[in-house]
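Visitor: Below you will find the structure I want to go over with you.
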Protein chains: 2
Amino acid sequence: MADGKSILRDVAVAAGVSLRTASRVLNDDPKVASETRTRVQQAMRELRYTPDSMARSLRAGTDATIGLVVESVADPFFSELVEAVERAASAERKSVLVASTHRDPERERAVVAQMLQRRVSGLLLVPTAGDHAWLETRSPRTPMVLVDRAAPGVDADLVAIDDAAAARGAVEHLLAHGHRRIGYVGDHPDVPTSAARLAGYRDALTAHGLDVDELLVRADCPDPVTAGQATRDLLSRNGSAPTALLSAATRCSLGVVPALHATGRTDVALVGFGDFAMADALQPGVTVVDHSAAAVGLAAAERLTERLADPGLPTTTTHVPVRLLQRGSGELPA
Amino acid sequence: MADGKSILRDVAVAAGVSLRTASRVLNDDPKVASETRTRVQQAMRELRYTPDSMARSLRAGTDATIGLVVESVADPFFSELVEAVERAASAERKSVLVASTHRDPERERAVVAQMLQRRVSGLLLVPTAGDHAWLETRSPRTPMVLVDRAAPGVDADLVAIDDAAAARGAVEHLLAHGHRRIGYVGDHPDVPTSAARLAGYRDALTAHGLDVDELLVRADCPDPVTAGQATRDLLSRNGSAPTALLSAATRCSLGVVPALHATGRTDVALVGFGDFAMADALQPGVTVVDHSAAAVGLAAAERLTERLADPGLPTTTTHVPVRLLQRGSGELPA
DNA sequence: TTGTACGCGTTATCAG
DNA sequence: CTGATAACGCGTACAA
């Protein structure tokens, strides 16, 4: 009757057993007479007993929560990732604590510290750029899986796409369609992911016997605005303008696409990294390397579950496959 | 040295004071000699002491966490909302626990129960459709703010946009541009938000002396696919096809826009509810009622903070203003 | 100003 | 199979 404020001791008293026994029933301990068990369970129901997660966590030393730290929860890629992680976590009856770094290493340290302090059972981290050796000294060696990119200075599991291979695939797609002057618009190479994509781009070109024209490489676009500007710059190069572009991040595509449309240069082939809403409603549709955030999130959550089960596991790197969604951008105009 | 496993007692011993004093320093209790204080703080630093949030929460009876339950974290609207809430929460030094209902009332009950059980300090809830009287019986009367829509059967704060007014504004925009046959594509009216938008649509039309042609109303589109189909249906009505459409949800726009483009009917004026990436890159740009999720999230978080400070506050409804982003869709073709 | 002792709700150790 | 009792790490009456 004491709605909600019923504690395990109340249940024990009501069922006429000791606290320990009530606890056993709560934890499905087999060593309890089935008759006693049903009596306790009945009491639990009548008292609307709800276990106190705080107390359990304090006792257990760890909380049934997984911490997820991404760049920005609002980013379409990461929000899809969050969703996948939440799905996987809830299947494991765990809650998800989220936080965004906004690419700020200090904020990253703060939110990670907060989560460790809360004794999350595991941590899923999309690291910012820069050294992460400080993570090695994390007090309770909380199981951790790096997501989407590695972090220099830390030895931990990593779940990501094979960026270099994906970029190579994208470039090869354009090459196969006859393009020879392929521009690159991407984020700074100090983000490992971006560096790998740029490397893949270069590799694909040289593997086909082409020189990389550095003037066509704009690896300095952290946001849509600069990406749009870079696009206009590239297209205005008289005589040496690219006939195709590789946009190495969704964020970049969000600037490249409008720039292409605004300048009327929809004849320029485009392959983007990461799918986005409306990509196929545009004319022409944008071919994308579909960087499934859901697949990455799911794989990361699964890896974390494995590690939680056996903390002694050697650290591994898991590459989530990507696929190219062809949407009619990519043809070389006659 | 005992890295991370240092507990407050260790600090006390190291500083040569009692546990009580160490606790006082930790909580910035003024009643402690400044000399003693610095000694304790030094000890904390040397031992790399980190307070155990679990223990504090257990003692305090409530956790420095706010629970946020939305429809789907991956939805652009809600992910922006989550981001805003997280920002506001971190300013209050609180963590955010997220969960998605996926519009499933059972899942909603489960995740809400889980959060209450975790003793979140407050709850931000985007309720599913249907009765929520069960929420009134929540054990510890956890402070709660409903977000984006009301929930029948619960008396709680609500932070949302004025859906009816926003829909009226959108329709008036189209009327002002000369349209008289305005179609409606939206979600089911059993979602209160949708019902209000539909009502606003009707009101605006009747206020202008127009009859509502029920054949132009398709309030049965919960997803982009059905919205796209509805769009094609409406446009194929010979002689009575609409010259303009109101898409009452971002999800719907994601189906309406491609349908318009695919059928080449870009002459049909469109006003959408909720902004989305690429809305202005499309030709013509889509005019939208900008339903700022960030503003809603922020306002909700602020309201929750107020209520946490004073649980006795009367419940209120806060309407977050919306604005119309004109983007050149809406003109009546000559 | 500082210290002692108890309790938050659970689980684990040991007896019986 | 079951039951007293001691922790988990911290906050707080109450006393000194």
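Please note that chains go A, B, ... in the order of the structure tokens, that every chain numbers its residues from 1, and that ligands are numbered from 1 in the order shown.
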I'd like the superposed chain A, fitted onto chain B by least squares over all Cα atoms in order, as a compact mmCIF listing (two decimals) with C-alpha atoms, in the first residue's frame.

Guide:
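Written output follows (result-v6.txt):
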```
# COMPACT_ATOMS: atom_id res chain seq x y z
CA MET A 1 48.71 6.52 -5.11
CA ALA A 2 46.05 3.86 -4.92
CA ASP A 3 44.91 5.21 -8.22
CA GLY A 4 41.24 5.85 -8.42
CA LYS A 5 40.33 3.55 -5.60
CA SER A 6 40.82 6.29 -3.07
CA ILE A 7 37.73 6.82 -1.02
CA LEU A 8 36.77 9.70 1.18
CA ARG A 9 37.98 7.88 4.26
CA ASP A 10 41.48 7.69 2.75
CA VAL A 11 41.42 11.40 2.21
CA ALA A 12 40.34 11.97 5.79
CA VAL A 13 43.12 9.79 7.13
CA ALA A 14 45.73 11.40 4.89
CA ALA A 15 44.64 14.84 6.00
CA GLY A 16 44.44 13.74 9.60
CA VAL A 17 40.81 14.70 10.02
CA SER A 18 37.58 12.84 10.49
CA LEU A 19 35.44 11.52 7.70
CA ARG A 20 32.80 14.06 8.49
CA THR A 21 35.17 16.92 7.98
CA ALA A 22 36.38 15.57 4.69
CA SER A 23 32.78 15.30 3.62
CA ARG A 24 32.21 18.90 4.63
CA VAL A 25 35.08 20.07 2.48
CA LEU A 26 33.76 18.03 -0.40
CA ASN A 27 30.41 19.75 -0.12
CA ASP A 28 31.77 23.25 0.36
CA ASP A 29 30.35 23.48 3.81
CA PRO A 30 31.37 26.92 5.11
CA LYS A 31 31.72 25.68 8.65
CA VAL A 32 35.26 24.44 8.33
CA ALA A 33 38.49 26.24 9.14
CA SER A 34 40.14 27.41 5.96
CA GLU A 35 43.42 25.92 7.09
CA THR A 36 41.82 22.51 7.54
CA ARG A 37 40.06 22.90 4.26
CA THR A 38 43.18 23.45 2.22
CA ARG A 39 44.83 20.49 3.93
CA VAL A 40 41.93 18.25 2.96
CA GLN A 41 41.81 19.58 -0.56
CA GLN A 42 45.48 18.90 -0.94
CA ALA A 43 44.96 15.33 0.20
CA MET A 44 42.17 14.95 -2.31
CA ARG A 45 44.41 16.08 -5.10
CA GLU A 46 47.29 13.87 -4.06
CA LEU A 47 45.11 10.82 -3.78
CA ARG A 48 43.30 11.71 -7.00
CA TYR A 49 40.13 11.35 -5.07
CA THR A 50 36.92 11.15 -7.06
CA PRO A 51 33.58 11.12 -5.30
CA ASP A 52 31.43 8.08 -5.95
CA SER A 53 28.22 9.26 -7.57
CA MET A 54 26.46 6.01 -6.72
CA ALA A 55 27.01 6.38 -3.03
CA ARG A 56 25.98 10.01 -3.10
CA SER A 57 22.85 9.19 -5.01
CA LEU A 58 21.92 6.41 -2.65
CA ARG A 59 22.31 8.74 0.25
CA ALA A 60 20.53 11.62 -1.43
CA GLY A 61 17.71 9.43 -2.64
CA THR A 62 17.95 10.94 -6.07
CA ASP A 63 20.41 10.82 -8.90
CA ALA A 64 21.99 13.79 -10.67
CA THR A 65 20.55 12.55 -13.91
CA ILE A 66 17.64 13.57 -16.02
CA GLY A 67 15.72 11.04 -18.01
CA LEU A 68 14.75 11.94 -21.54
CA VAL A 69 12.26 9.79 -23.39
CA VAL A 70 11.54 10.62 -27.02
CA GLU A 71 9.92 8.89 -29.92
CA SER A 72 13.14 8.09 -31.66
CA VAL A 73 16.60 9.41 -31.03
CA ALA A 74 17.39 9.01 -34.71
CA ASP A 75 14.61 11.31 -35.86
CA PRO A 76 16.14 14.65 -36.85
CA PHE A 77 13.66 16.59 -34.79
CA PHE A 78 14.22 14.58 -31.65
CA SER A 79 17.95 14.32 -32.05
CA GLU A 80 18.13 18.10 -32.11
CA LEU A 81 15.95 18.09 -29.02
CA VAL A 82 18.23 15.63 -27.27
CA GLU A 83 21.20 17.78 -28.06
CA ALA A 84 19.59 20.86 -26.59
CA VAL A 85 18.57 19.01 -23.46
CA GLU A 86 22.02 17.60 -23.04
CA ARG A 87 23.51 21.06 -23.34
CA ALA A 88 21.18 22.48 -20.74
CA ALA A 89 21.68 19.51 -18.44
CA SER A 90 25.42 19.66 -18.55
CA ALA A 91 25.24 23.29 -17.53
CA GLU A 92 23.40 22.05 -14.45
CA ARG A 93 26.04 19.35 -14.01
CA LYS A 94 23.55 16.62 -14.70
CA SER A 95 23.82 13.63 -16.98
CA VAL A 96 21.19 12.63 -19.48
CA LEU A 97 19.70 9.18 -19.80
CA VAL A 98 17.96 8.75 -23.16
CA ALA A 99 15.49 6.23 -24.47
CA SER A 100 13.18 5.91 -27.45
CA THR A 101 9.61 4.71 -27.36
CA HIS A 102 9.28 4.04 -31.08
CA ARG A 103 5.66 5.01 -30.52
CA ASP A 104 5.05 1.88 -28.57
CA PRO A 105 3.12 2.57 -25.34
CA GLU A 106 4.42 -0.60 -23.76
CA ARG A 107 7.96 0.30 -24.46
CA GLU A 108 7.24 3.75 -23.12
CA ARG A 109 6.03 2.31 -19.83
CA ALA A 110 9.06 0.09 -19.63
CA VAL A 111 11.62 2.80 -20.19
CA VAL A 112 9.85 5.25 -17.94
CA ALA A 113 9.66 2.64 -15.21
CA GLN A 114 13.34 1.95 -15.61
CA MET A 115 14.17 5.61 -15.25
CA LEU A 116 11.98 6.14 -12.23
CA GLN A 117 13.55 3.11 -10.68
CA ARG A 118 16.92 4.67 -11.27
CA ARG A 119 15.61 7.67 -9.38
CA VAL A 120 16.37 10.17 -12.08
CA SER A 121 15.99 13.61 -10.59
CA GLY A 122 13.56 14.58 -13.31
CA LEU A 123 11.87 13.23 -16.37
CA LEU A 124 11.39 14.80 -19.79
CA LEU A 125 8.84 12.83 -21.72
CA VAL A 126 7.49 12.91 -25.25
CA PRO A 127 4.44 10.74 -24.62
CA THR A 128 3.05 8.23 -27.06
CA ALA A 129 -0.63 8.38 -27.99
CA GLY A 130 -3.21 7.12 -25.55
CA ASP A 131 -4.03 7.43 -21.92
CA HIS A 132 -1.26 8.12 -19.46
CA ALA A 133 -3.12 7.99 -16.17
CA TRP A 134 -0.64 5.36 -15.04
CA LEU A 135 1.92 8.13 -14.82
CA GLU A 136 0.02 9.75 -11.97
CA THR A 137 0.78 6.79 -9.76
CA ARG A 138 4.50 7.02 -10.26
CA SER A 139 6.00 6.02 -6.99
CA PRO A 140 8.37 8.78 -6.02
CA ARG A 141 6.55 11.72 -7.56
CA THR A 142 9.46 12.46 -9.81
CA PRO A 143 9.28 15.93 -11.34
CA MET A 144 8.24 15.63 -14.95
CA VAL A 145 7.79 17.85 -17.96
CA LEU A 146 5.89 16.67 -21.01
CA VAL A 147 7.52 17.68 -24.24
CA ASP A 148 6.05 18.45 -27.64
CA ARG A 149 2.60 17.12 -26.80
CA ALA A 150 0.23 16.61 -23.92
CA ALA A 151 -0.71 13.24 -22.49
CA PRO A 152 -4.34 12.55 -21.62
CA GLY A 153 -4.81 11.68 -18.00
CA VAL A 154 -1.77 13.41 -16.60
CA ASP A 155 -1.47 16.79 -15.05
CA ALA A 156 2.06 17.95 -15.72
CA ASP A 157 4.00 20.80 -17.21
CA LEU A 158 3.98 20.88 -20.97
CA VAL A 159 6.41 22.55 -23.33
CA ALA A 160 5.44 22.51 -26.98
CA ILE A 161 4.86 24.66 -29.96
CA ASP A 162 1.42 26.09 -30.58
CA ASP A 163 0.60 23.63 -33.31
CA ALA A 164 -2.76 25.06 -34.24
CA ALA A 165 -1.39 28.58 -34.54
CA ALA A 166 1.57 27.37 -36.56
CA ALA A 167 -0.67 25.46 -38.96
CA ARG A 168 -2.92 28.48 -39.30
CA GLY A 169 0.10 30.59 -40.12
CA ALA A 170 1.23 28.16 -42.77
CA VAL A 171 -2.17 28.05 -44.41
CA GLU A 172 -2.51 31.81 -44.26
CA HIS A 173 0.82 32.08 -46.02
CA LEU A 174 -0.55 29.97 -48.85
CA LEU A 175 -3.83 31.86 -48.92
CA ALA A 176 -1.96 35.13 -49.11
CA HIS A 177 -0.21 33.79 -52.16
CA GLY A 178 -3.51 33.18 -53.85
CA HIS A 179 -4.03 29.50 -53.24
CA ARG A 180 -7.57 28.30 -52.65
CA ARG A 181 -7.29 24.55 -53.02
CA ILE A 182 -4.86 23.58 -50.32
CA GLY A 183 -4.27 19.92 -49.54
CA TYR A 184 -3.27 18.51 -46.20
CA VAL A 185 -0.89 15.61 -45.67
CA GLY A 186 -0.27 14.67 -42.10
CA ASP A 187 -0.12 12.06 -39.42
CA HIS A 188 -3.11 10.54 -37.65
CA PRO A 189 -5.16 12.89 -35.49
CA ASP A 190 -4.85 10.53 -32.55
CA VAL A 191 -1.49 12.12 -31.99
CA PRO A 192 -2.55 15.34 -30.21
CA THR A 193 0.05 17.34 -32.07
CA SER A 194 -1.30 16.21 -35.41
CA ALA A 195 -4.87 16.85 -34.35
CA ALA A 196 -4.01 20.42 -33.41
CA ARG A 197 -2.29 21.03 -36.72
CA LEU A 198 -5.24 19.69 -38.62
CA ALA A 199 -7.56 21.89 -36.58
CA GLY A 200 -5.40 24.90 -37.36
CA TYR A 201 -5.55 24.06 -41.03
CA ARG A 202 -9.34 23.88 -40.93
CA ASP A 203 -9.63 27.06 -38.89
CA ALA A 204 -7.52 29.07 -41.26
CA LEU A 205 -9.59 27.98 -44.24
CA THR A 206 -12.97 28.62 -42.66
CA ALA A 207 -11.76 31.92 -41.25
CA HIS A 208 -11.19 32.95 -44.84
CA GLY A 209 -14.64 31.86 -45.83
CA LEU A 210 -13.50 28.69 -47.56
CA ASP A 211 -15.05 25.28 -47.14
CA VAL A 212 -12.78 22.43 -46.23
CA ASP A 213 -12.76 19.85 -48.99
CA GLU A 214 -12.37 16.64 -47.06
CA LEU A 215 -11.08 14.94 -50.14
CA LEU A 216 -7.99 17.09 -49.91
CA VAL A 217 -7.29 16.04 -46.35
CA ARG A 218 -5.03 13.06 -45.85
CA ALA A 219 -4.49 12.76 -42.12
CA ASP A 220 -3.39 9.16 -42.28
CA CYS A 221 0.28 9.29 -43.08
CA PRO A 222 2.56 8.14 -40.28
CA ASP A 223 5.59 7.74 -42.51
CA PRO A 224 7.24 9.04 -45.69
CA VAL A 225 6.00 6.20 -47.84
CA THR A 226 2.32 6.69 -47.17
CA ALA A 227 2.78 10.45 -47.37
CA GLY A 228 4.29 10.03 -50.82
CA GLN A 229 1.40 7.89 -51.89
CA ALA A 230 -1.12 10.36 -50.49
CA THR A 231 0.60 13.11 -52.43
CA ARG A 232 0.32 11.21 -55.68
CA ASP A 233 -3.34 10.47 -54.94
CA LEU A 234 -4.13 14.10 -54.30
CA LEU A 235 -2.37 15.34 -57.40
CA SER A 236 -4.11 12.83 -59.62
CA ARG A 237 -7.55 14.18 -58.81
CA ASN A 238 -8.56 15.55 -62.18
CA GLY A 239 -9.92 19.02 -61.96
CA SER A 240 -9.99 19.11 -58.20
CA ALA A 241 -6.30 18.63 -57.46
CA PRO A 242 -4.80 21.02 -54.93
CA THR A 243 -2.52 23.83 -56.05
CA ALA A 244 -0.75 23.79 -52.72
CA LEU A 245 0.01 21.36 -49.94
CA LEU A 246 0.59 21.61 -46.24
CA SER A 247 2.79 18.77 -45.07
CA ALA A 248 2.15 18.60 -41.36
CA ALA A 249 5.24 16.71 -40.24
CA THR A 250 8.88 16.45 -41.24
CA ARG A 251 8.37 12.74 -41.69
CA CYS A 252 5.63 13.51 -44.18
CA SER A 253 7.73 16.04 -46.05
CA LEU A 254 10.34 13.36 -46.53
CA GLY A 255 7.74 11.55 -48.63
CA VAL A 256 5.89 14.49 -50.14
CA VAL A 257 8.96 16.17 -51.55
CA PRO A 258 10.28 13.17 -53.46
CA ALA A 259 6.77 12.49 -54.78
CA LEU A 260 6.48 16.04 -56.04
CA HIS A 261 9.87 15.81 -57.71
CA ALA A 262 9.27 12.38 -59.16
CA THR A 263 6.02 13.44 -60.76
CA GLY A 264 7.49 16.68 -61.97
CA ARG A 265 4.80 18.65 -60.17
CA THR A 266 7.16 21.17 -58.65
CA ASP A 267 4.62 23.81 -59.53
CA VAL A 268 2.57 22.67 -56.56
CA ALA A 269 3.26 24.98 -53.63
CA LEU A 270 4.42 23.32 -50.46
CA VAL A 271 4.76 24.37 -46.89
CA GLY A 272 6.21 21.82 -44.54
CA PHE A 273 6.19 21.48 -40.79
CA GLY A 274 9.68 21.19 -39.43
CA ASP A 275 12.85 22.11 -41.21
CA PHE A 276 15.08 19.44 -42.66
CA ALA A 277 18.48 19.15 -44.22
CA MET A 278 18.50 20.06 -47.91
CA ALA A 279 15.13 21.82 -47.71
CA ASP A 280 16.69 24.85 -49.31
CA ALA A 281 18.82 22.99 -51.81
CA LEU A 282 15.78 21.59 -53.52
CA GLN A 283 14.31 23.39 -56.50
CA PRO A 284 12.15 25.10 -55.54
CA GLY A 285 13.18 25.45 -51.91
CA VAL A 286 10.60 24.24 -49.46
CA THR A 287 9.01 26.82 -47.21
CA VAL A 288 8.82 25.43 -43.72
CA VAL A 289 7.28 26.15 -40.36
CA ASP A 290 10.45 25.97 -38.39
CA HIS A 291 9.61 23.95 -35.41
CA SER A 292 12.83 24.49 -33.53
CA ALA A 293 13.53 21.33 -31.63
CA ALA A 294 16.41 23.04 -29.89
CA ALA A 295 14.14 25.76 -28.56
CA VAL A 296 11.65 23.21 -27.31
CA GLY A 297 14.33 21.11 -25.68
CA LEU A 298 15.90 24.08 -24.02
CA ALA A 299 12.61 25.39 -22.71
CA ALA A 300 11.67 21.96 -21.40
CA ALA A 301 14.97 21.57 -19.62
CA GLU A 302 14.59 24.99 -18.10
CA ARG A 303 11.11 24.23 -16.92
CA LEU A 304 12.32 21.03 -15.35
CA THR A 305 15.05 22.92 -13.56
CA GLU A 306 12.48 25.30 -12.15
CA ARG A 307 10.32 22.46 -10.97
CA LEU A 308 13.24 20.68 -9.41
CA ALA A 309 13.99 23.82 -7.48
CA ASP A 310 10.38 24.13 -6.36
CA PRO A 311 8.28 20.98 -6.76
CA GLY A 312 5.22 22.82 -5.51
CA LEU A 313 4.88 24.96 -8.62
CA PRO A 314 1.52 24.86 -10.40
CA THR A 315 1.69 23.05 -13.70
CA THR A 316 1.91 25.24 -16.77
CA THR A 317 1.95 25.01 -20.52
CA THR A 318 4.69 26.81 -22.36
CA HIS A 319 4.37 27.57 -26.04
CA VAL A 320 7.60 27.90 -27.91
CA PRO A 321 7.29 30.31 -30.82
CA VAL A 322 7.70 29.09 -34.39
CA ARG A 323 8.66 31.01 -37.45
CA LEU A 324 7.97 30.55 -41.10
CA LEU A 325 11.08 30.11 -43.22
CA GLN A 326 10.08 31.29 -46.67
CA ARG A 327 12.01 29.61 -49.40
CA GLY A 328 10.21 30.39 -52.56
CA SER A 329 7.78 27.52 -52.50
CA GLY A 330 4.35 28.95 -52.01
CA GLU A 331 3.91 31.15 -55.03
CA LEU A 332 0.87 30.50 -57.15
CA PRO A 333 2.12 29.95 -60.68
CA ALA A 334 0.72 32.33 -63.26
```

Visitor: From a backbone DSSP assignment, name each residue in stretch 96-271 of chain A labelled strand (DSSP E), as number ranges by chain.

Guide: A: 96-100, 120-125, 144-147, 157-161, 182-185, 217-218, 244-247, 269-271

Visitor: Residues of chain C that have any atom at most 8 Å from an atom of chain A: could you tabulate them with the shortest-distance atom pair and the distance in Å to one decimal, using only C-alpha atoms (C1' of nucleotides), ordered by chain and increasing number, as a Markdown table?

Guide:
```
| residue | atom | partner | partner_atom | distance |
| --- | --- | --- | --- | --- |
| C:DC8 | C1' | A:Ala55 | CA | 7.9 |
| C:DG9 | C1' | A:Ala55 | CA | 5.1 |
| C:DT10 | C1' | A:Arg56 | CA | 5.3 |
| C:DT11 | C1' | A:Arg59 | CA | 6.4 |
```

Visitor: Using only C-alpha atoms (C1' of nucleotides), find each residue of chain D with at least one atom at most 12 Å away from an atom of chain A; report its shortest atom-to-atom pair and that distance in Å (one decimal), sort the rows by chain and rising residue number, and return the result as JSON lines.

Guide:
```
{"residue": "D:DC1", "atom": "C1'", "partner": "A:Val32", "partner_atom": "CA", "distance": 6.0}
{"residue": "D:DT2", "atom": "C1'", "partner": "A:Thr21", "partner_atom": "CA", "distance": 7.0}
{"residue": "D:DG3", "atom": "C1'", "partner": "A:Ser18", "partner_atom": "CA", "distance": 6.1}
{"residue": "D:DA4", "atom": "C1'", "partner": "A:Ser18", "partner_atom": "CA", "distance": 8.9}
{"residue": "D:DT5", "atom": "C1'", "partner": "A:Arg20", "partner_atom": "CA", "distance": 10.6}
{"residue": "D:DA7", "atom": "C1'", "partner": "A:Arg59", "partner_atom": "CA", "distance": 8.8}
{"residue": "D:DC8", "atom": "C1'", "partner": "A:Arg59", "partner_atom": "CA", "distance": 4.9}
{"residue": "D:DG9", "atom": "C1'", "partner": "A:Leu58", "partner_atom": "CA", "distance": 7.9}
{"residue": "D:DC10", "atom": "C1'", "partner": "A:Leu58", "partner_atom": "CA", "distance": 10.7}
```

Visitor: Kindly save the residues from that selection, with N, CA and C atoms (P, O5', C5', C4', C3', O3' and C1' of nucleotides) included, as a PDB file, in the first residue's frame.

Guide:
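Contents of again14.pdb, as written:
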```
ATOM      1  P    DC D   1      16.259 -27.120  -2.118  1.00  0.00           P
ATOM      2  O5'  DC D   1      16.017 -26.437  -0.722  1.00  0.00           O
ATOM      3  C5'  DC D   1      15.454 -25.153  -0.610  1.00  0.00           C
ATOM      4  C4'  DC D   1      15.636 -24.809   0.847  1.00  0.00           C
ATOM      5  C3'  DC D   1      15.493 -23.307   1.113  1.00  0.00           C
ATOM      6  O3'  DC D   1      14.325 -23.120   1.900  1.00  0.00           O
ATOM      7  C1'  DC D   1      17.319 -24.249   2.317  1.00  0.00           C
ATOM      8  P    DT D   2      13.624 -21.732   1.911  1.00  0.00           P
ATOM      9  O5'  DT D   2      14.387 -20.989   3.091  1.00  0.00           O
ATOM     10  C5'  DT D   2      14.139 -21.399   4.436  1.00  0.00           C
ATOM     11  C4'  DT D   2      15.116 -20.731   5.366  1.00  0.00           C
ATOM     12  C3'  DT D   2      15.056 -19.208   5.357  1.00  0.00           C
ATOM     13  O3'  DT D   2      14.458 -18.805   6.590  1.00  0.00           O
ATOM     14  C1'  DT D   2      17.295 -20.043   5.532  1.00  0.00           C
ATOM     15  P    DG D   3      14.000 -17.287   6.757  1.00  0.00           P
ATOM     16  O5'  DG D   3      15.126 -16.770   7.757  1.00  0.00           O
ATOM     17  C5'  DG D   3      15.449 -17.557   8.883  1.00  0.00           C
ATOM     18  C4'  DG D   3      16.668 -17.005   9.587  1.00  0.00           C
ATOM     19  C3'  DG D   3      16.687 -15.478   9.701  1.00  0.00           C
ATOM     20  O3'  DG D   3      17.130 -15.148  11.008  1.00  0.00           O
ATOM     21  C1'  DG D   3      18.688 -16.217   8.669  1.00  0.00           C
ATOM     22  P    DA D   4      16.607 -13.856  11.690  1.00  0.00           P
ATOM     23  O5'  DA D   4      17.722 -13.715  12.809  1.00  0.00           O
ATOM     24  C5'  DA D   4      18.429 -12.537  12.878  1.00  0.00           C
ATOM     25  C4'  DA D   4      19.907 -12.833  13.110  1.00  0.00           C
ATOM     26  C3'  DA D   4      20.679 -11.524  13.264  1.00  0.00           C
ATOM     27  O3'  DA D   4      21.641 -11.628  14.281  1.00  0.00           O
ATOM     28  C1'  DA D   4      21.492 -12.740  11.373  1.00  0.00           C
ATOM     29  P    DT D   5      22.283 -10.295  14.796  1.00  0.00           P
ATOM     30  O5'  DT D   5      23.360  -9.958  13.672  1.00  0.00           O
ATOM     31  C5'  DT D   5      24.384 -10.918  13.396  1.00  0.00           C
ATOM     32  C4'  DT D   5      25.372 -10.333  12.409  1.00  0.00           C
ATOM     33  C3'  DT D   5      25.525  -8.811  12.486  1.00  0.00           C
ATOM     34  O3'  DT D   5      26.883  -8.482  12.349  1.00  0.00           O
ATOM     35  C1'  DT D   5      25.052  -9.418  10.297  1.00  0.00           C
ATOM     36  P    DA D   7      32.449  -5.454   8.197  1.00  0.00           P
ATOM     37  O5'  DA D   7      31.569  -4.201   7.763  1.00  0.00           O
ATOM     38  C5'  DA D   7      32.023  -3.346   6.731  1.00  0.00           C
ATOM     39  C4'  DA D   7      31.750  -3.959   5.373  1.00  0.00           C
ATOM     40  C3'  DA D   7      31.719  -2.885   4.302  1.00  0.00           C
ATOM     41  O3'  DA D   7      32.712  -3.149   3.349  1.00  0.00           O
ATOM     42  C1'  DA D   7      29.671  -4.184   4.286  1.00  0.00           C
ATOM     43  P    DC D   8      33.499  -1.862   2.731  1.00  0.00           P
ATOM     44  O5'  DC D   8      33.104  -1.636   1.214  1.00  0.00           O
ATOM     45  C5'  DC D   8      32.297  -2.446   0.395  1.00  0.00           C
ATOM     46  C4'  DC D   8      31.410  -1.588  -0.489  1.00  0.00           C
ATOM     47  C3'  DC D   8      31.653  -0.090  -0.372  1.00  0.00           C
ATOM     48  O3'  DC D   8      32.415   0.352  -1.486  1.00  0.00           O
ATOM     49  C1'  DC D   8      29.282  -0.639  -0.295  1.00  0.00           C
ATOM     50  P    DG D   9      33.742   1.208  -1.294  1.00  0.00           P
ATOM     51  O5'  DG D   9      33.177   2.683  -1.149  1.00  0.00           O
ATOM     52  C5'  DG D   9      32.582   3.321  -2.264  1.00  0.00           C
ATOM     53  C4'  DG D   9      31.843   4.545  -1.781  1.00  0.00           C
ATOM     54  C3'  DG D   9      32.700   5.548  -0.996  1.00  0.00           C
ATOM     55  O3'  DG D   9      32.613   6.794  -1.650  1.00  0.00           O
ATOM     56  C1'  DG D   9      30.688   5.069   0.141  1.00  0.00           C
ATOM     57  P    DC D  10      33.142   8.130  -1.064  1.00  0.00           P
ATOM     58  O5'  DC D  10      31.848   8.748  -0.389  1.00  0.00           O
ATOM     59  C5'  DC D  10      30.772   9.136  -1.229  1.00  0.00           C
ATOM     60  C4'  DC D  10      29.544   9.406  -0.404  1.00  0.00           C
ATOM     61  C3'  DC D  10      29.596  10.701   0.408  1.00  0.00           C
ATOM     62  O3'  DC D  10      28.627  11.584  -0.107  1.00  0.00           O
ATOM     63  C1'  DC D  10      28.716   8.874   1.670  1.00  0.00           C
TER      64       DC D  10
END
```

Visitor: Which residues, written as a ChimeraX atom specification, have at least one atom at most 12 Å from D:DA16, with only C-alpha atoms (C1' of nucleotides) counted and residues fewer than 6 positions away on the same chain left out?

Guide: /C:1-4

Visitor: Once you have the residues from the selection above, write them out as a compact mmCIF listing (two decimals), in the first residue's frame, restricted to N, CA and C atoms (P, O5', C5', C4', C3', O3' and C1' of nucleotides).

Guide:
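part02.txt, freshly written:
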```txt
# COMPACT_ATOMS: atom_id res chain seq x y z
P DT C 1 34.12 28.47 12.66
O5' DT C 1 34.78 27.05 12.38
C5' DT C 1 36.14 26.85 12.47
C4' DT C 1 36.34 25.61 13.29
C3' DT C 1 36.37 24.32 12.47
O3' DT C 1 37.71 23.83 12.51
C1' DT C 1 35.11 24.10 14.49
P DT C 2 38.15 22.61 11.64
O5' DT C 2 37.56 21.36 12.39
C5' DT C 2 38.33 20.74 13.43
C4' DT C 2 37.50 19.68 14.10
C3' DT C 2 37.36 18.38 13.33
O3' DT C 2 38.22 17.44 13.94
C1' DT C 2 35.38 18.98 14.52
P DG C 3 38.40 16.02 13.24
O5' DG C 3 37.39 15.10 14.08
C5' DG C 3 37.59 14.99 15.48
C4' DG C 3 36.45 14.22 16.10
C3' DG C 3 36.22 12.83 15.51
O3' DG C 3 36.11 11.90 16.58
C1' DG C 3 34.20 14.04 15.56
P DT C 4 36.13 10.35 16.32
O5' DT C 4 34.63 9.92 16.70
C5' DT C 4 34.02 10.44 17.88
C4' DT C 4 32.64 9.79 18.07
C3' DT C 4 32.52 8.38 17.53
O3' DT C 4 31.74 7.61 18.43
C1' DT C 4 30.90 9.75 16.48
```
